[in-house]
Amino acid sequence: MDANSWRDSGFVDALAGRFRVACIDSLGHGFSDKPSDPELYDERQRAGDIVAVIDALGYARAHLLGYSMGGWMAVAVAKYHPERLSALVIGGWDPINGLPAGPGGPVTFDPFMILARRAAPALTGWVTPEIKPAVRACFQALSQLDGAFETIMAARFPVLFWQGQGDAGHDRMQAFAASHGFPFLSSTGDHIAAVLRPDPGAITAICGFFESEAGAASAAR
């Protein structure tokens, strides 16, 4: 995915009437650079990339919506820069366990890419041989999960979890949210369809979540 994915799916139009919306091409994706140095994909570095965008826009804080790898990055922002967040939506990502395990255990990059090319060729055609080392480094960084649970539990801003009903992590994250008192959004679709072809109710719910928190912050001031 890239920044345009959010526009194509309808999220930008829905949010733009109430907020200033910034969609980011993550490092290794879209028009952003694609270095192969693993250190550049470290969670602290990736969190800093997002905060740099908030800084460039001239804001002290932002509502942040991250999906899949973006959910991992969003938790990293909450971990290293919690003061920069007003509200957080973690979609399509299990911040405690990370990527779903395969039949043989934790999923590694090469089997993942084989599966991804079969399941979503339109989303993986851009991964050419010269770009593959960057995507590998990006993928391998997703194993950095230390402190995610503590970060979420200590958050002083509202957190919403979101999963498609056909996503492998749906039931697990729904149970996690319920057991720890977090709101949970269950939408139609699998891991890909939930974000690229979202049902209108999901977009409305996420917009409503951000709007309610923005209203609460304005009332507090």
# chains A, B, ... in the order shown; residues from 1 in each chain; ligands from 1
call {"tool": "residues_around", "arguments": {"residues": "segment 131-134 of chain A", "least_positions_apart": "5", "cutoff": "6 Å", "atoms": "only C-alpha atoms", "output": "list in words"}}
result
Gly28, Lys34, Pro35 and Ser36 of chain A
call {"tool": "write_last_selection", "arguments": {"atoms": "C-alpha atoms", "output": "PDB file, in the first residue's frame"}}
result
ATOM      1  CA  GLY A  28      10.380   1.461   1.499  1.00  0.00           C
ATOM      2  CA  LYS A  34      13.847   2.429  -0.364  1.00  0.00           C
ATOM      3  CA  PRO A  35      17.167   1.907   1.411  1.00  0.00           C
ATOM      4  CA  SER A  36      18.260  -1.600   2.366  1.00  0.00           C
TER       5      SER A  36
END
call {"tool": "closest_residue", "arguments": {"among": "A:Phe31, A:Phe11, A:Tyr59, A:Phe182", "to": "Val195 of chain A", "atoms": "only C-alpha atoms"}}
result
A:Phe11
call {"tool": "residues_around", "arguments": {"residues": "Pro82 of chain A", "least_positions_apart": "6", "cutoff": "12 Å", "atoms": "only C-alpha atoms", "output": "list of chain:residue names"}}
result
A:Ala47, A:Gly48, A:Val51, A:Ala60, A:Arg61, A:Ala62, A:His63, A:Leu64, A:Ala74, A:Val75, A:Ala76, A:Leu88, A:Thr151, A:Ile152, A:Ala154, A:Ala155, A:Arg156, A:Phe157, A:Pro158, A:Val159
call {"tool": "write_last_selection", "arguments": {"atoms": "N, CA and C atoms", "output": "mmCIF file, in the first residue's frame"}}
result
data_model
loop_
_atom_site.group_PDB
_atom_site.id
_atom_site.type_symbol
_atom_site.label_atom_id
_atom_site.label_comp_id
_atom_site.auth_asym_id
_atom_site.auth_seq_id
_atom_site.Cartn_x
_atom_site.Cartn_y
_atom_site.Cartn_z
ATOM 1 N N ALA A 47 9.006 5.648 13.909
ATOM 2 C CA ALA A 47 8.171 6.567 14.685
ATOM 3 C C ALA A 47 8.607 8.005 14.439
ATOM 4 N N GLY A 48 9.927 8.202 14.391
ATOM 5 C CA GLY A 48 10.448 9.539 14.130
ATOM 6 C C GLY A 48 10.057 10.053 12.757
ATOM 7 N N VAL A 51 6.562 11.459 13.168
ATOM 8 C CA VAL A 51 6.596 12.705 13.929
ATOM 9 C C VAL A 51 7.181 13.834 13.074
ATOM 10 N N ALA A 60 1.316 20.275 16.983
ATOM 11 C CA ALA A 60 1.897 19.691 18.189
ATOM 12 C C ALA A 60 1.469 18.247 18.361
ATOM 13 N N ARG A 61 0.225 17.927 17.952
ATOM 14 C CA ARG A 61 -0.309 16.575 18.128
ATOM 15 C C ARG A 61 -1.163 16.206 16.915
ATOM 16 N N ALA A 62 -1.440 14.920 16.800
ATOM 17 C CA ALA A 62 -2.257 14.445 15.688
ATOM 18 C C ALA A 62 -3.059 13.227 16.113
ATOM 19 N N HIS A 63 -4.199 13.019 15.470
ATOM 20 C CA HIS A 63 -4.886 11.734 15.507
ATOM 21 C C HIS A 63 -4.160 10.836 14.505
ATOM 22 N N LEU A 64 -3.889 9.611 14.879
ATOM 23 C CA LEU A 64 -3.111 8.726 14.015
ATOM 24 C C LEU A 64 -3.869 7.437 13.742
ATOM 25 N N ALA A 74 2.355 2.898 14.318
ATOM 26 C CA ALA A 74 1.550 3.751 15.198
ATOM 27 C C ALA A 74 1.838 3.443 16.663
ATOM 28 N N VAL A 75 1.991 2.159 16.988
ATOM 29 C CA VAL A 75 2.342 1.791 18.366
ATOM 30 C C VAL A 75 3.718 2.337 18.716
ATOM 31 N N ALA A 76 4.627 2.349 17.749
ATOM 32 C CA ALA A 76 5.957 2.906 17.993
ATOM 33 C C ALA A 76 5.892 4.398 18.298
ATOM 34 N N LEU A 88 -5.594 7.367 18.801
ATOM 35 C CA LEU A 88 -4.883 6.363 18.008
ATOM 36 C C LEU A 88 -5.836 5.255 17.578
ATOM 37 N N THR A 151 3.031 0.009 26.479
ATOM 38 C CA THR A 151 2.746 1.288 25.822
ATOM 39 C C THR A 151 1.253 1.516 25.686
ATOM 40 N N ILE A 152 0.546 0.508 25.224
ATOM 41 C CA ILE A 152 -0.902 0.639 25.024
ATOM 42 C C ILE A 152 -1.620 0.824 26.354
ATOM 43 N N ALA A 154 -0.505 2.096 29.052
ATOM 44 C CA ALA A 154 -0.160 3.366 29.692
ATOM 45 C C ALA A 154 -0.627 4.586 28.909
ATOM 46 N N ALA A 155 -1.265 4.368 27.752
ATOM 47 C CA ALA A 155 -1.653 5.484 26.894
ATOM 48 C C ALA A 155 -2.598 6.445 27.613
ATOM 49 N N ARG A 156 -2.312 7.723 27.483
ATOM 50 C CA ARG A 156 -3.155 8.765 28.070
ATOM 51 C C ARG A 156 -4.072 9.383 27.025
ATOM 52 N N PHE A 157 -4.175 8.749 25.888
ATOM 53 C CA PHE A 157 -5.053 9.178 24.805
ATOM 54 C C PHE A 157 -5.928 7.991 24.430
ATOM 55 N N PRO A 158 -7.073 8.229 23.832
ATOM 56 C CA PRO A 158 -7.971 7.117 23.461
ATOM 57 C C PRO A 158 -7.363 6.220 22.390
ATOM 58 N N VAL A 159 -7.603 4.928 22.508
ATOM 59 C CA VAL A 159 -7.104 3.941 21.547
ATOM 60 C C VAL A 159 -8.277 3.084 21.066
#
call {"tool": "residues_around", "arguments": {"residues": "Gln45 of chain A", "least_positions_apart": "2", "cutoff": "12 Å", "atoms": "only C-alpha atoms", "output": "PDB file with C-alpha atoms, in the first residue's frame"}}
result
ATOM      1  CA  SER A  26       6.206   4.763   4.550  1.00  0.00           C
ATOM      2  CA  LEU A  27       9.926   4.201   4.098  1.00  0.00           C
ATOM      3  CA  ASP A  37      19.946  -0.624   5.661  1.00  0.00           C
ATOM      4  CA  PRO A  38      17.980  -2.438   8.421  1.00  0.00           C
ATOM      5  CA  GLU A  39      18.748   0.287  10.968  1.00  0.00           C
ATOM      6  CA  LEU A  40      16.610   2.744   9.029  1.00  0.00           C
ATOM      7  CA  TYR A  41      13.563   0.518   9.574  1.00  0.00           C
ATOM      8  CA  ASP A  42      13.999   0.319  13.345  1.00  0.00           C
ATOM      9  CA  GLU A  43      10.764   1.124  15.200  1.00  0.00           C
ATOM     10  CA  ALA A  47       8.171   6.567  14.685  1.00  0.00           C
ATOM     11  CA  GLY A  48      10.448   9.539  14.130  1.00  0.00           C
ATOM     12  CA  ASP A  49       9.513   9.560  10.445  1.00  0.00           C
ATOM     13  CA  ILE A  50       5.848  10.039  11.343  1.00  0.00           C
ATOM     14  CA  VAL A  51       6.596  12.705  13.929  1.00  0.00           C
ATOM     15  CA  ALA A  52       8.691  14.529  11.316  1.00  0.00           C
ATOM     16  CA  MET A  73       4.431   2.073  13.363  1.00  0.00           C
ATOM     17  CA  ALA A  76       5.957   2.906  17.993  1.00  0.00           C
ATOM     18  CA  VAL A  77       4.838   6.547  17.925  1.00  0.00           C
ATOM     19  CA  LYS A  79       5.916   4.304  22.653  1.00  0.00           C
ATOM     20  CA  TYR A  80       8.510   6.955  21.817  1.00  0.00           C
ATOM     21  CA  HIS A  81       6.415  10.099  21.280  1.00  0.00           C
ATOM     22  CA  CYS A 138      11.142  -3.389   6.377  1.00  0.00           C
ATOM     23  CA  ALA A 141      11.678  -4.918  11.593  1.00  0.00           C
TER      24      ALA A 141
END
call {"tool": "select_by_dssp", "arguments": {"residues": "segment 56-188 of chain A", "states": "strand (DSSP E)", "output": "list of chain:residue names"}}
result
A:Ala62, A:His63, A:Leu64, A:Leu65, A:Gly66, A:Tyr67, A:Leu85, A:Ser86, A:Ala87, A:Leu88, A:Val89, A:Ile90, A:Gly91, A:Val159, A:Leu160, A:Phe161, A:Trp162, A:Gln163, A:Gly164, A:Phe184, A:Leu185, A:Ser186, A:Ser187
call {"tool": "atom_distance", "arguments": {"atom1": "atom CA of Ile90 of chain A", "atom2": "atom CA of Asp13 of chain A"}}
result
19.9 Å
call {"tool": "select_by_dssp", "arguments": {"residues": "segment 41-183 of chain A", "states": "helix (DSSP H, G or I)", "output": "ChimeraX atom specification"}}
result
/A:41,43-57,69-80,82-84,109-119,121-124,132-143,148-153,170-180
call {"tool": "write_last_selection", "arguments": {"atoms": "C-alpha atoms", "output": "PDB file, in the first residue's frame"}}
result
ATOM      1  CA  TYR A  41      13.563   0.518   9.574  1.00  0.00           C
ATOM      2  CA  GLU A  43      10.764   1.124  15.200  1.00  0.00           C
ATOM      3  CA  ARG A  44      12.220   4.246  16.836  1.00  0.00           C
ATOM      4  CA  GLN A  45      13.359   5.526  13.457  1.00  0.00           C
ATOM      5  CA  ARG A  46       9.981   4.802  11.846  1.00  0.00           C
ATOM      6  CA  ALA A  47       8.171   6.567  14.685  1.00  0.00           C
ATOM      7  CA  GLY A  48      10.448   9.539  14.130  1.00  0.00           C
ATOM      8  CA  ASP A  49       9.513   9.560  10.445  1.00  0.00           C
ATOM      9  CA  ILE A  50       5.848  10.039  11.343  1.00  0.00           C
ATOM     10  CA  VAL A  51       6.596  12.705  13.929  1.00  0.00           C
ATOM     11  CA  ALA A  52       8.691  14.529  11.316  1.00  0.00           C
ATOM     12  CA  VAL A  53       5.589  14.769   9.129  1.00  0.00           C
ATOM     13  CA  ILE A  54       3.560  16.151  12.049  1.00  0.00           C
ATOM     14  CA  ASP A  55       6.340  18.694  12.639  1.00  0.00           C
ATOM     15  CA  ALA A  56       6.453  19.653   8.953  1.00  0.00           C
ATOM     16  CA  LEU A  57       2.722  20.354   9.039  1.00  0.00           C
ATOM     17  CA  MET A  69       2.526  -2.374   9.239  1.00  0.00           C
ATOM     18  CA  GLY A  70       1.144   1.106   9.856  1.00  0.00           C
ATOM     19  CA  GLY A  71      -0.418  -0.210  13.057  1.00  0.00           C
ATOM     20  CA  TRP A  72       3.031  -1.372  14.159  1.00  0.00           C
ATOM     21  CA  MET A  73       4.431   2.073  13.363  1.00  0.00           C
ATOM     22  CA  ALA A  74       1.550   3.751  15.198  1.00  0.00           C
ATOM     23  CA  VAL A  75       2.342   1.791  18.366  1.00  0.00           C
ATOM     24  CA  ALA A  76       5.957   2.906  17.993  1.00  0.00           C
ATOM     25  CA  VAL A  77       4.838   6.547  17.925  1.00  0.00           C
ATOM     26  CA  ALA A  78       2.836   5.907  21.089  1.00  0.00           C
ATOM     27  CA  LYS A  79       5.916   4.304  22.653  1.00  0.00           C
ATOM     28  CA  TYR A  80       8.510   6.955  21.817  1.00  0.00           C
ATOM     29  CA  PRO A  82       3.175   9.718  23.277  1.00  0.00           C
ATOM     30  CA  GLU A  83       2.901  13.462  23.773  1.00  0.00           C
ATOM     31  CA  ARG A  84       2.366  13.892  20.021  1.00  0.00           C
ATOM     32  CA  PHE A 109      10.085 -12.957   4.557  1.00  0.00           C
ATOM     33  CA  ASP A 110      10.477 -15.275   1.577  1.00  0.00           C
ATOM     34  CA  PRO A 111       7.405 -17.451   2.282  1.00  0.00           C
ATOM     35  CA  PHE A 112       5.465 -14.280   3.079  1.00  0.00           C
ATOM     36  CA  MET A 113       6.316 -12.740  -0.287  1.00  0.00           C
ATOM     37  CA  ILE A 114       5.341 -15.927  -2.125  1.00  0.00           C
ATOM     38  CA  LEU A 115       1.977 -15.911  -0.408  1.00  0.00           C
ATOM     39  CA  ALA A 116       1.515 -12.170  -0.900  1.00  0.00           C
ATOM     40  CA  ARG A 117       2.226 -12.367  -4.625  1.00  0.00           C
ATOM     41  CA  ARG A 118      -0.396 -15.084  -4.976  1.00  0.00           C
ATOM     42  CA  ALA A 119      -3.015 -13.389  -2.805  1.00  0.00           C
ATOM     43  CA  PRO A 121      -0.532  -9.462  -7.114  1.00  0.00           C
ATOM     44  CA  ALA A 122      -1.696  -5.883  -7.626  1.00  0.00           C
ATOM     45  CA  LEU A 123      -0.112  -4.885  -4.317  1.00  0.00           C
ATOM     46  CA  THR A 124       3.199  -6.676  -4.824  1.00  0.00           C
ATOM     47  CA  LYS A 132      13.391  -6.457  -2.554  1.00  0.00           C
ATOM     48  CA  PRO A 133      16.262  -5.893  -0.039  1.00  0.00           C
ATOM     49  CA  ALA A 134      14.493  -2.773   1.238  1.00  0.00           C
ATOM     50  CA  VAL A 135      11.187  -4.599   1.589  1.00  0.00           C
ATOM     51  CA  ARG A 136      12.964  -7.448   3.385  1.00  0.00           C
ATOM     52  CA  ALA A 137      14.532  -5.036   5.888  1.00  0.00           C
ATOM     53  CA  CYS A 138      11.142  -3.389   6.377  1.00  0.00           C
ATOM     54  CA  PHE A 139       9.440  -6.743   6.972  1.00  0.00           C
ATOM     55  CA  GLN A 140      12.041  -8.004   9.411  1.00  0.00           C
ATOM     56  CA  ALA A 141      11.678  -4.918  11.593  1.00  0.00           C
ATOM     57  CA  LEU A 142       8.087  -5.941  12.350  1.00  0.00           C
ATOM     58  CA  SER A 143       9.407  -8.422  14.898  1.00  0.00           C
ATOM     59  CA  ALA A 148       3.979  -2.701  23.024  1.00  0.00           C
ATOM     60  CA  PHE A 149       1.624  -3.992  25.711  1.00  0.00           C
ATOM     61  CA  GLU A 150       2.968  -1.564  28.317  1.00  0.00           C
ATOM     62  CA  THR A 151       2.746   1.288  25.822  1.00  0.00           C
ATOM     63  CA  ILE A 152      -0.902   0.639  25.024  1.00  0.00           C
ATOM     64  CA  MET A 153      -1.899   0.135  28.646  1.00  0.00           C
ATOM     65  CA  HIS A 170      -9.834 -10.604  14.423  1.00  0.00           C
ATOM     66  CA  ASP A 171     -11.032 -12.778  17.292  1.00  0.00           C
ATOM     67  CA  ARG A 172      -7.780 -12.510  19.220  1.00  0.00           C
ATOM     68  CA  MET A 173      -7.727  -8.710  19.064  1.00  0.00           C
ATOM     69  CA  GLN A 174     -11.432  -8.454  19.832  1.00  0.00           C
ATOM     70  CA  ALA A 175     -10.836 -10.492  22.990  1.00  0.00           C
ATOM     71  CA  PHE A 176      -7.794  -8.399  23.882  1.00  0.00           C
ATOM     72  CA  ALA A 177      -9.725  -5.151  23.522  1.00  0.00           C
ATOM     73  CA  ALA A 178     -12.632  -6.459  25.573  1.00  0.00           C
ATOM     74  CA  SER A 179     -10.431  -7.771  28.369  1.00  0.00           C
ATOM     75  CA  HIS A 180      -8.589  -4.476  28.722  1.00  0.00           C
TER      76      HIS A 180
END
call {"tool": "residues_around", "arguments": {"residues": "Cys23 of chain A", "least_positions_apart": "3", "cutoff": "10 Å", "atoms": "only C-alpha atoms", "output": "list of chain:residue names"}}
result
A:Asp2, A:Ala3, A:Asn4, A:Ser5, A:Trp6, A:Arg7, A:Val12, A:Ser26, A:Val53, A:Leu65
call {"tool": "closest_residue", "arguments": {"among": "A:Ile24, A:Leu15, A:Leu99, A:Leu185", "to": "Gly169 of chain A", "atoms": "only C-alpha atoms"}}
result
A:Leu99
call {"tool": "decode", "arguments": {"residues": "segment 94-187 of chain A", "atoms": "C-alpha atoms", "output": "mmCIF file, in the first residue's frame"}}
result
data_model
loop_
_atom_site.group_PDB
_atom_site.id
_atom_site.type_symbol
_atom_site.label_atom_id
_atom_site.label_comp_id
_atom_site.auth_asym_id
_atom_site.auth_seq_id
_atom_site.Cartn_x
_atom_site.Cartn_y
_atom_site.Cartn_z
ATOM 1 C CA ASP A 94 -1.734 -7.449 16.687
ATOM 2 C CA PRO A 95 0.658 -5.260 18.695
ATOM 3 C CA ILE A 96 1.345 -8.014 21.216
ATOM 4 C CA ASN A 97 2.028 -10.998 18.942
ATOM 5 C CA GLY A 98 2.808 -9.327 15.637
ATOM 6 C CA LEU A 99 2.306 -11.206 12.385
ATOM 7 C CA PRO A 100 0.138 -14.326 12.542
ATOM 8 C CA ALA A 101 2.193 -17.499 12.677
ATOM 9 C CA GLY A 102 2.059 -19.989 9.826
ATOM 10 C CA PRO A 103 1.724 -23.788 10.096
ATOM 11 C CA GLY A 104 5.477 -24.075 10.662
ATOM 12 C CA GLY A 105 5.793 -21.232 13.151
ATOM 13 C CA PRO A 106 6.701 -17.546 12.725
ATOM 14 C CA VAL A 107 6.401 -16.296 9.158
ATOM 15 C CA THR A 108 9.652 -15.317 7.468
ATOM 16 C CA PHE A 109 10.085 -12.957 4.557
ATOM 17 C CA ASP A 110 10.477 -15.275 1.577
ATOM 18 C CA PRO A 111 7.405 -17.451 2.282
ATOM 19 C CA PHE A 112 5.465 -14.280 3.079
ATOM 20 C CA MET A 113 6.316 -12.740 -0.287
ATOM 21 C CA ILE A 114 5.341 -15.927 -2.125
ATOM 22 C CA LEU A 115 1.977 -15.911 -0.408
ATOM 23 C CA ALA A 116 1.515 -12.170 -0.900
ATOM 24 C CA ARG A 117 2.226 -12.367 -4.625
ATOM 25 C CA ARG A 118 -0.396 -15.084 -4.976
ATOM 26 C CA ALA A 119 -3.015 -13.389 -2.805
ATOM 27 C CA ALA A 120 -2.520 -9.761 -3.881
ATOM 28 C CA PRO A 121 -0.532 -9.462 -7.114
ATOM 29 C CA ALA A 122 -1.696 -5.883 -7.626
ATOM 30 C CA LEU A 123 -0.112 -4.885 -4.317
ATOM 31 C CA THR A 124 3.199 -6.676 -4.824
ATOM 32 C CA GLY A 125 4.054 -6.093 -8.482
ATOM 33 C CA TRP A 126 6.213 -3.095 -7.564
ATOM 34 C CA VAL A 127 8.592 -5.266 -5.495
ATOM 35 C CA THR A 128 11.273 -5.715 -8.136
ATOM 36 C CA PRO A 129 14.618 -7.458 -7.441
ATOM 37 C CA GLU A 130 16.405 -4.162 -6.779
ATOM 38 C CA ILE A 131 13.740 -3.080 -4.275
ATOM 39 C CA LYS A 132 13.391 -6.457 -2.554
ATOM 40 C CA PRO A 133 16.262 -5.893 -0.039
ATOM 41 C CA ALA A 134 14.493 -2.773 1.238
ATOM 42 C CA VAL A 135 11.187 -4.599 1.589
ATOM 43 C CA ARG A 136 12.964 -7.448 3.385
ATOM 44 C CA ALA A 137 14.532 -5.036 5.888
ATOM 45 C CA CYS A 138 11.142 -3.389 6.377
ATOM 46 C CA PHE A 139 9.440 -6.743 6.972
ATOM 47 C CA GLN A 140 12.041 -8.004 9.411
ATOM 48 C CA ALA A 141 11.678 -4.918 11.593
ATOM 49 C CA LEU A 142 8.087 -5.941 12.350
ATOM 50 C CA SER A 143 9.407 -8.422 14.898
ATOM 51 C CA GLN A 144 10.214 -5.525 17.236
ATOM 52 C CA LEU A 145 7.362 -5.852 19.725
ATOM 53 C CA ASP A 146 9.010 -5.248 23.105
ATOM 54 C CA GLY A 147 7.067 -2.814 25.251
ATOM 55 C CA ALA A 148 3.979 -2.701 23.024
ATOM 56 C CA PHE A 149 1.624 -3.992 25.711
ATOM 57 C CA GLU A 150 2.968 -1.564 28.317
ATOM 58 C CA THR A 151 2.746 1.288 25.822
ATOM 59 C CA ILE A 152 -0.902 0.639 25.024
ATOM 60 C CA MET A 153 -1.899 0.135 28.646
ATOM 61 C CA ALA A 154 -0.160 3.366 29.692
ATOM 62 C CA ALA A 155 -1.653 5.484 26.894
ATOM 63 C CA ARG A 156 -3.155 8.765 28.070
ATOM 64 C CA PHE A 157 -5.053 9.178 24.805
ATOM 65 C CA PRO A 158 -7.971 7.117 23.461
ATOM 66 C CA VAL A 159 -7.104 3.941 21.547
ATOM 67 C CA LEU A 160 -9.427 2.094 19.137
ATOM 68 C CA PHE A 161 -8.656 -1.356 17.724
ATOM 69 C CA TRP A 162 -9.981 -2.249 14.270
ATOM 70 C CA GLN A 163 -9.995 -5.587 12.447
ATOM 71 C CA GLY A 164 -11.800 -7.076 9.474
ATOM 72 C CA GLN A 165 -13.962 -10.068 10.348
ATOM 73 C CA GLY A 166 -12.023 -12.230 7.898
ATOM 74 C CA ASP A 167 -8.638 -11.222 9.283
ATOM 75 C CA ALA A 168 -6.693 -13.980 11.023
ATOM 76 C CA GLY A 169 -6.234 -11.787 14.081
ATOM 77 C CA HIS A 170 -9.834 -10.604 14.423
ATOM 78 C CA ASP A 171 -11.032 -12.778 17.292
ATOM 79 C CA ARG A 172 -7.780 -12.510 19.220
ATOM 80 C CA MET A 173 -7.727 -8.710 19.064
ATOM 81 C CA GLN A 174 -11.432 -8.454 19.832
ATOM 82 C CA ALA A 175 -10.836 -10.492 22.990
ATOM 83 C CA PHE A 176 -7.794 -8.399 23.882
ATOM 84 C CA ALA A 177 -9.725 -5.151 23.522
ATOM 85 C CA ALA A 178 -12.632 -6.459 25.573
ATOM 86 C CA SER A 179 -10.431 -7.771 28.369
ATOM 87 C CA HIS A 180 -8.589 -4.476 28.722
ATOM 88 C CA GLY A 181 -11.477 -2.065 28.194
ATOM 89 C CA PHE A 182 -10.606 -0.736 24.735
ATOM 90 C CA PRO A 183 -13.218 -0.057 22.047
ATOM 91 C CA PHE A 184 -13.106 -2.463 19.119
ATOM 92 C CA LEU A 185 -14.335 -1.955 15.565
ATOM 93 C CA SER A 186 -15.257 -5.128 13.674
ATOM 94 C CA SER A 187 -15.754 -4.498 9.959
#
